[in-house]
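Okay, upload18.cif is below, mmCIF, C-alpha atoms and all ligand atoms:
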data_coords
#
loop_
_atom_site.label_atom_id
_atom_site.label_comp_id
_atom_site.auth_asym_id
_atom_site.auth_seq_id
_atom_site.Cartn_x
_atom_site.Cartn_y
_atom_site.Cartn_z
CA MET A 1095 16.94 32.82 34.23
CA THR A 1096 15.72 29.91 32.12
CA HIS A 1097 12.98 30.88 29.69
CA LEU A 1098 12.48 27.62 27.80
CA GLU A 1099 13.50 24.15 28.87
CA ILE A 1100 13.37 21.13 26.60
CA GLN A 1101 13.31 18.15 28.95
CA ASN A 1102 14.04 14.64 27.65
CA ILE A 1103 11.90 15.05 24.56
CA SER A 1104 11.51 11.90 22.44
CA LYS A 1105 9.32 11.62 19.35
CA SER A 1106 8.69 8.87 16.82
CA PHE A 1107 6.40 8.80 13.80
CA GLY A 1108 5.57 5.09 13.65
CA GLU A 1109 8.89 3.26 13.30
CA ASN A 1110 10.72 6.48 12.49
CA GLU A 1111 12.52 7.64 15.64
CA VAL A 1112 13.04 11.35 15.18
CA LEU A 1113 14.02 12.87 18.53
CA ASP A 1114 15.81 10.92 21.24
CA GLN A 1115 15.88 12.32 24.76
CA LEU A 1116 16.56 15.86 23.69
CA ASN A 1117 17.61 18.29 26.43
CA PHE A 1118 18.56 21.94 26.25
CA SER A 1119 17.42 25.31 27.46
CA VAL A 1120 17.14 28.91 26.31
CA HIS A 1121 17.78 31.66 28.84
CA GLN A 1122 15.73 34.82 29.16
CA GLY A 1123 16.69 37.20 26.35
CA GLU A 1124 19.11 34.75 24.75
CA PHE A 1125 19.50 34.17 20.99
CA VAL A 1126 20.10 30.47 20.36
CA SER A 1127 20.63 28.88 16.94
CA LEU A 1128 19.79 25.25 16.28
CA LEU A 1129 21.62 23.38 13.53
CA GLY A 1130 21.35 19.80 12.38
CA PRO A 1131 21.20 17.66 9.24
CA SER A 1132 18.04 17.77 7.12
CA GLY A 1133 15.49 15.42 8.59
CA SER A 1134 17.05 15.46 12.06
CA GLY A 1135 13.79 16.73 13.54
CA LYS A 1136 14.26 20.48 13.97
CA SER A 1137 10.85 21.39 12.54
CA THR A 1138 9.26 18.55 14.51
CA LEU A 1139 10.80 19.99 17.67
CA PHE A 1140 9.36 23.43 16.82
CA GLY A 1141 5.97 21.79 16.30
CA ILE A 1142 6.31 20.26 19.77
CA ILE A 1143 7.32 23.57 21.39
CA GLY A 1144 4.45 25.30 19.57
CA GLY A 1145 1.99 22.73 20.92
CA MET A 1146 0.99 21.38 17.49
CA ILE A 1147 2.77 18.03 17.92
CA LEU A 1148 2.73 15.90 21.06
CA PRO A 1149 6.01 14.21 22.02
CA ASN A 1150 6.05 10.53 23.07
CA SER A 1151 7.80 11.52 26.28
CA GLY A 1152 9.44 14.50 27.93
CA ASP A 1153 8.19 17.98 28.65
CA VAL A 1154 8.40 21.57 27.39
CA ILE A 1155 8.70 24.13 30.17
CA LEU A 1156 8.13 27.84 29.58
CA ASN A 1157 8.79 30.17 32.52
CA GLY A 1158 8.60 27.22 34.90
CA GLU A 1159 5.31 25.79 33.56
CA SER A 1160 4.59 22.96 31.16
CA ILE A 1161 3.26 24.09 27.76
CA LYS A 1162 3.23 20.60 26.24
CA GLY A 1163 0.31 20.36 23.80
CA LYS A 1164 -0.68 24.00 24.41
CA ARG A 1165 -0.79 26.46 21.55
CA GLY A 1166 -0.40 30.20 21.64
CA SER A 1167 2.25 30.55 24.37
CA ILE A 1168 5.07 31.31 21.99
CA SER A 1169 5.47 32.95 18.59
CA TYR A 1170 6.00 30.28 15.97
CA THR A 1171 7.03 30.87 12.37
CA PRO A 1172 6.87 27.60 10.42
CA GLN A 1173 9.44 26.66 7.81
CA THR A 1174 6.81 26.96 5.06
CA PRO A 1175 4.93 30.24 5.47
CA SER A 1176 1.27 29.54 6.22
CA LEU A 1177 -0.44 32.66 4.95
CA LEU A 1178 -4.19 32.70 4.47
CA PRO A 1179 -4.81 32.92 0.70
CA TRP A 1180 -8.04 34.94 0.98
CA ARG A 1181 -6.47 37.68 3.08
CA THR A 1182 -4.32 40.57 1.88
CA ILE A 1183 -0.71 40.80 3.07
CA LEU A 1184 -1.64 43.53 5.56
CA ASN A 1185 -4.50 41.46 6.97
CA ASN A 1186 -2.36 38.33 7.12
CA VAL A 1187 0.04 40.29 9.30
CA LEU A 1188 -2.62 41.94 11.47
CA LEU A 1189 -5.42 39.44 11.83
CA GLY A 1190 -3.15 36.50 12.59
CA GLN A 1191 -2.27 38.36 15.79
CA GLU A 1192 -5.76 39.76 16.30
CA LEU A 1193 -4.32 43.25 16.01
CA THR A 1194 -7.07 45.70 15.12
CA GLY A 1195 -6.00 49.13 16.45
CA LYS A 1196 -4.91 52.10 14.33
CA LYS A 1197 -1.43 51.99 15.87
CA ASP A 1198 -1.07 48.27 15.05
CA ARG A 1199 -1.99 49.02 11.46
CA GLU A 1200 0.57 51.81 11.23
CA LYS A 1201 3.27 49.63 12.74
CA ALA A 1202 2.43 46.77 10.39
CA LEU A 1203 2.59 49.08 7.37
CA GLN A 1204 5.96 50.39 8.56
CA MET A 1205 7.26 46.85 8.86
CA ILE A 1206 5.93 45.82 5.45
CA ASP A 1207 7.81 48.83 4.08
CA ARG A 1208 10.93 47.94 6.11
CA ALA A 1209 10.82 44.42 4.61
CA GLY A 1210 10.89 45.88 1.09
CA LEU A 1211 7.23 45.03 0.39
CA LYS A 1212 5.81 48.55 0.34
CA SER A 1213 3.52 48.24 -2.65
CA TYR A 1214 2.31 44.76 -1.69
CA GLU A 1215 0.20 45.46 1.41
CA ASN A 1216 -3.05 44.98 -0.52
CA SER A 1217 -1.80 42.05 -2.61
CA TYR A 1218 -2.72 38.44 -1.92
CA PRO A 1219 -0.21 35.69 -1.01
CA HIS A 1220 -0.34 34.02 -4.46
CA GLU A 1221 1.01 37.24 -5.98
CA LEU A 1222 4.22 37.00 -3.90
CA SER A 1223 7.41 34.98 -4.38
CA GLY A 1224 8.56 32.42 -1.77
CA GLY A 1225 11.06 34.87 -0.31
CA MET A 1226 8.41 37.60 -0.04
CA LYS A 1227 6.04 35.23 1.76
CA GLN A 1228 8.86 34.36 4.17
CA ARG A 1229 9.24 38.03 4.97
CA VAL A 1230 5.50 38.43 5.62
CA SER A 1231 5.64 35.44 7.94
CA PHE A 1232 8.64 36.99 9.68
CA ILE A 1233 6.80 40.30 10.21
CA ARG A 1234 3.97 38.38 11.84
CA SER A 1235 6.42 36.91 14.38
CA VAL A 1236 8.08 40.21 15.07
CA LEU A 1237 4.69 41.86 15.71
CA SER A 1238 3.48 39.12 18.03
CA PRO A 1239 3.35 39.94 21.73
CA GLN A 1240 4.99 36.71 22.91
CA SER A 1241 8.39 36.86 24.57
CA LEU A 1242 9.80 33.70 22.92
CA ILE A 1243 10.11 33.59 19.15
CA LEU A 1244 10.78 30.42 17.16
CA LEU A 1245 12.06 31.02 13.64
CA ASP A 1246 12.40 27.98 11.37
CA GLU A 1247 14.87 28.83 8.57
CA PRO A 1248 13.16 32.21 8.11
CA PHE A 1249 15.66 33.59 5.59
CA SER A 1250 16.40 30.46 3.56
CA ALA A 1251 14.63 31.66 0.39
CA LEU A 1252 16.17 35.14 0.38
CA ASP A 1253 18.96 36.46 -1.81
CA GLU A 1254 22.21 37.41 -0.06
CA PHE A 1255 21.51 41.13 0.02
CA THR A 1256 17.98 40.85 1.40
CA ARG A 1257 19.11 38.20 3.87
CA THR A 1258 21.80 40.47 5.32
CA ASP A 1259 19.28 43.27 5.64
CA MET A 1260 16.76 40.99 7.39
CA GLN A 1261 19.49 39.70 9.73
CA LYS A 1262 20.32 43.27 10.68
CA TRP A 1263 16.65 43.97 11.31
CA LEU A 1264 16.28 40.86 13.44
CA LEU A 1265 19.29 41.81 15.58
CA ASP A 1266 18.02 45.38 16.01
CA MET A 1267 14.60 44.11 17.00
CA TRP A 1268 16.09 41.54 19.37
CA GLU A 1269 18.29 44.12 21.05
CA GLN A 1270 15.41 46.56 21.46
CA THR A 1271 12.86 44.10 22.80
CA LYS A 1272 15.09 41.67 24.74
CA ARG A 1273 12.96 38.73 23.67
CA SER A 1274 14.34 35.19 23.53
CA ILE A 1275 14.91 33.68 20.10
CA LEU A 1276 15.33 30.08 18.98
CA PHE A 1277 16.48 30.10 15.37
CA VAL A 1278 16.84 27.14 13.01
CA THR A 1279 19.31 27.53 10.17
CA HIS A 1280 21.42 25.37 7.86
CA ASN A 1281 24.08 28.01 7.71
CA ILE A 1282 26.77 27.88 10.38
CA GLU A 1283 27.97 31.38 9.47
CA GLU A 1284 24.50 32.76 9.98
CA ALA A 1285 24.26 30.95 13.33
CA VAL A 1286 27.60 32.27 14.59
CA PHE A 1287 26.87 35.73 13.29
CA LEU A 1288 23.45 36.08 14.88
CA SER A 1289 23.43 34.13 18.09
CA ASP A 1290 24.85 33.91 21.59
CA ARG A 1291 24.90 30.14 21.57
CA VAL A 1292 24.81 27.42 18.90
CA ILE A 1293 23.31 23.96 19.45
CA ILE A 1294 24.06 21.21 16.93
CA LEU A 1295 21.82 18.15 16.68
CA SER A 1296 22.99 14.70 15.65
CA PRO A 1297 21.42 12.86 12.69
CA ARG A 1298 18.12 11.11 13.42
CA PRO A 1299 17.22 10.08 16.10
CA ALA A 1300 18.44 13.48 17.15
CA SER A 1301 19.94 14.49 20.44
CA VAL A 1302 22.29 17.36 21.22
CA LEU A 1303 25.64 16.55 19.60
CA LYS A 1304 27.47 19.67 20.58
CA GLU A 1305 26.83 23.16 21.86
CA PHE A 1306 29.04 26.20 22.14
CA GLN A 1307 28.90 29.80 23.19
CA VAL A 1308 29.71 32.16 20.32
CA PRO A 1309 33.10 33.60 21.28
CA PHE A 1310 32.76 37.03 19.65
CA GLU A 1311 31.34 40.14 21.23
CA ARG A 1312 28.14 41.20 19.50
CA PRO A 1313 28.96 44.90 18.98
CA ARG A 1314 32.19 43.92 17.26
CA ARG A 1315 30.40 41.50 14.90
CA GLU A 1316 27.87 44.16 14.07
CA GLU A 1317 30.55 46.70 13.36
CA LEU A 1318 32.29 44.30 11.06
CA LEU A 1319 29.42 42.70 9.24
CA LEU A 1320 26.34 44.78 9.71
CA SER A 1321 27.71 48.25 9.17
CA ASP A 1322 25.82 50.37 6.67
CA GLU A 1323 28.90 50.42 4.47
CA PHE A 1324 28.69 46.64 4.17
CA LEU A 1325 25.12 46.89 3.00
CA GLN A 1326 25.77 49.54 0.37
P1 LIG B 1 14.20 18.91 9.85
O1 LIG B 1 13.32 20.09 10.12
O2 LIG B 1 15.34 18.79 10.82
O3 LIG B 1 14.69 18.86 8.43
P2 LIG B 1 11.73 17.38 10.25
O4 LIG B 1 11.36 17.66 11.64
O5 LIG B 1 11.02 18.11 9.18
O6 LIG B 1 13.33 17.58 10.09
O7 LIG B 1 11.59 15.83 9.96
C1 LIG B 1 12.19 14.85 10.78
C2 LIG B 1 11.68 13.46 10.42
O8 LIG B 1 10.33 13.34 10.82
C3 LIG B 1 11.72 13.16 8.93
O9 LIG B 1 12.11 11.81 8.78
C4 LIG B 1 10.28 13.36 8.50
O10 LIG B 1 9.97 12.54 7.41
C5 LIG B 1 9.51 12.96 9.74
N1 LIG B 1 8.21 13.64 9.90
C6 LIG B 1 8.04 14.97 10.12
N2 LIG B 1 6.74 15.28 10.27
C7 LIG B 1 6.05 14.11 10.12
C8 LIG B 1 4.67 13.76 10.17
N3 LIG B 1 3.72 14.67 10.42
N4 LIG B 1 4.34 12.46 9.99
C9 LIG B 1 5.28 11.52 9.77
N5 LIG B 1 6.62 11.79 9.71
C10 LIG B 1 7.01 13.06 9.89
MG MG B 2 12.82 21.69 8.94
#

Starting from the file, lay out its structure as C-alpha cells.
Amino acid sequence: MTHLEIQNISKSFGENEVLDQLNFSVHQGEFVSLLGPSGSGKSTLFGIIGGMILPNSGDVILNGESIKGKRGSISYTPQTPSLLPWRTILNNVLLGQELTGKKDREKALQMIDRAGLKSYENSYPHELSGGMKQRVSFIRSVLSPQSLILLDEPFSALDEFTRTDMQKWLLDMWEQTKRSILFVTHNIEEAVFLSDRVIILSPRPASVLKEFQVPFERPRREELLLSDEFLQ
C-alpha cells in the first residue's frame, strides 16, 4: 500500500527553479533513500512534505489524504538539528514530542545511553558537538509516534564507527516498528546498505533521474556488514 505520494511537485524560490514536476511514492513500511547533487532541492522537498514550505504546484498525499501545508503529520528531522538552547538534552528529546510520562522518560534515557550520550542528558545543546546534536535530533525522530520518518542526512557529521553503530540502530528500529522511512544521504553506499529502494534526483530543477530496487536481501547485508564482529 502507498504510504506517501509526491505528486507533480514543483517549487521555485523567485527565479530559482528548484523542483520540477517531482513524482514518486513510498510504500507502507518501506525504506527509501533519496540522493541528488547538493542544491538539487532534497531539503526543500522535506520542508514541503513536513508542511513548512508550500510548493508552487502539486500535492503531498499521506495515507490517501493531502497534507500539503499541514505540519505534524510526519516525523521530520531537519538537516541542521534544531534543538532548543534553553532546554536540556533530555527535555529536548521529551518535550519536543510532548512526552511527559515516566515510561517516556525511561525510554528517552535508554536511547540517550544507546546513542553514546549517557552523561549528557542534563547538558545543554551548546555543550555538544555537531555530531552529538545530530544524534539527539535522531532520537527525537525515533521516539515520535508518527509512522513516516523523514531523515535529512542524519549521520553526516558522525565518525565512521559511530555512523555504523547508528545505522545498525536505525535498521533494528525500522525492523521492529515497521515504519516507513525516507532518508536523504550523499553516500551511495549508505543508501544501498540501508534501503529497499534508491531514488536519484537530477541537478536543479530536480526531477527523478533514476530509481532502483536494492538487489540484495536485507538479512544477508546485515550479516555481512552489521555483524557485531564488524563493529568490534
Ligand atoms: P539540497 O538539500 O538538495 O542540498 P536545498 O533544498 O537545500 O538542496 O536547496 C535547493 C535550492 O533551493 C538551492 O538553490 C537553495 O539556495 C534554494 N533554497 C532553499 N531554501 C530556500 C529559501 N528558503 N529561500 C530561497 N532559496 C532557497
Ligand atoms: Mg539538504

Quick one: distance from atom P2 of ligand LIG 1 (chain B) to atom CA of Val1112 of chain A in Å, one decimal? 7.9 Å

Taking only C-alpha atoms and all ligand atoms and a cut-off of 7 Å, can you tell me which residues surround ligand LIG 1 (chain B), written as a PyMOL selection string? chain A and resi 1107+1110+1112+1130-1139

Pick from A:Met1095, A:Val1278, A:Met1226, A:Leu1242: nearest to ligand MG 2 (chain B), with only C-alpha atoms and all ligand atoms counted? A:Val1278

Residue nearest ligand MG 2 (chain B) among A:Glu1247, A:Asp1266, A:Asp1290, A:Glu1283 (counting all atoms listed in the file):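 Closest to ligand MG 2 (chain B) of all the choices is A:Glu1247.
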
Skipping near chain neighbours, those fewer than 4 positions away, what residues fall within 12 Å of Leu1189 of chain A using all atoms listed in the file, listed as a PDB file with C-alpha atoms, in the coordinates of the input?
ATOM      1  CA  LEU A1177      -0.440  32.660   4.950  1.00  0.00           C
ATOM      2  CA  LEU A1178      -4.190  32.700   4.470  1.00  0.00           C
ATOM      3  CA  ARG A1181      -6.470  37.680   3.080  1.00  0.00           C
ATOM      4  CA  THR A1182      -4.320  40.570   1.880  1.00  0.00           C
ATOM      5  CA  ILE A1183      -0.710  40.800   3.070  1.00  0.00           C
ATOM      6  CA  LEU A1184      -1.640  43.530   5.560  1.00  0.00           C
ATOM      7  CA  ASN A1185      -4.500  41.460   6.970  1.00  0.00           C
ATOM      8  CA  LEU A1193      -4.320  43.250  16.010  1.00  0.00           C
ATOM      9  CA  THR A1194      -7.070  45.700  15.120  1.00  0.00           C
ATOM     10  CA  GLY A1195      -6.000  49.130  16.450  1.00  0.00           C
ATOM     11  CA  ASP A1198      -1.070  48.270  15.050  1.00  0.00           C
ATOM     12  CA  ARG A1199      -1.990  49.020  11.460  1.00  0.00           C
ATOM     13  CA  ALA A1202       2.430  46.770  10.390  1.00  0.00           C
ATOM     14  CA  ARG A1234       3.970  38.380  11.840  1.00  0.00           C
ATOM     15  CA  LEU A1237       4.690  41.860  15.710  1.00  0.00           C
ATOM     16  CA  SER A1238       3.480  39.120  18.030  1.00  0.00           C
TER      17      SER A1238
END

For atom CA of Ile1294 of chain A and atom CA of Pro1239 of chain A, the interatomic separation in Å (one decimal): 28.3 Å
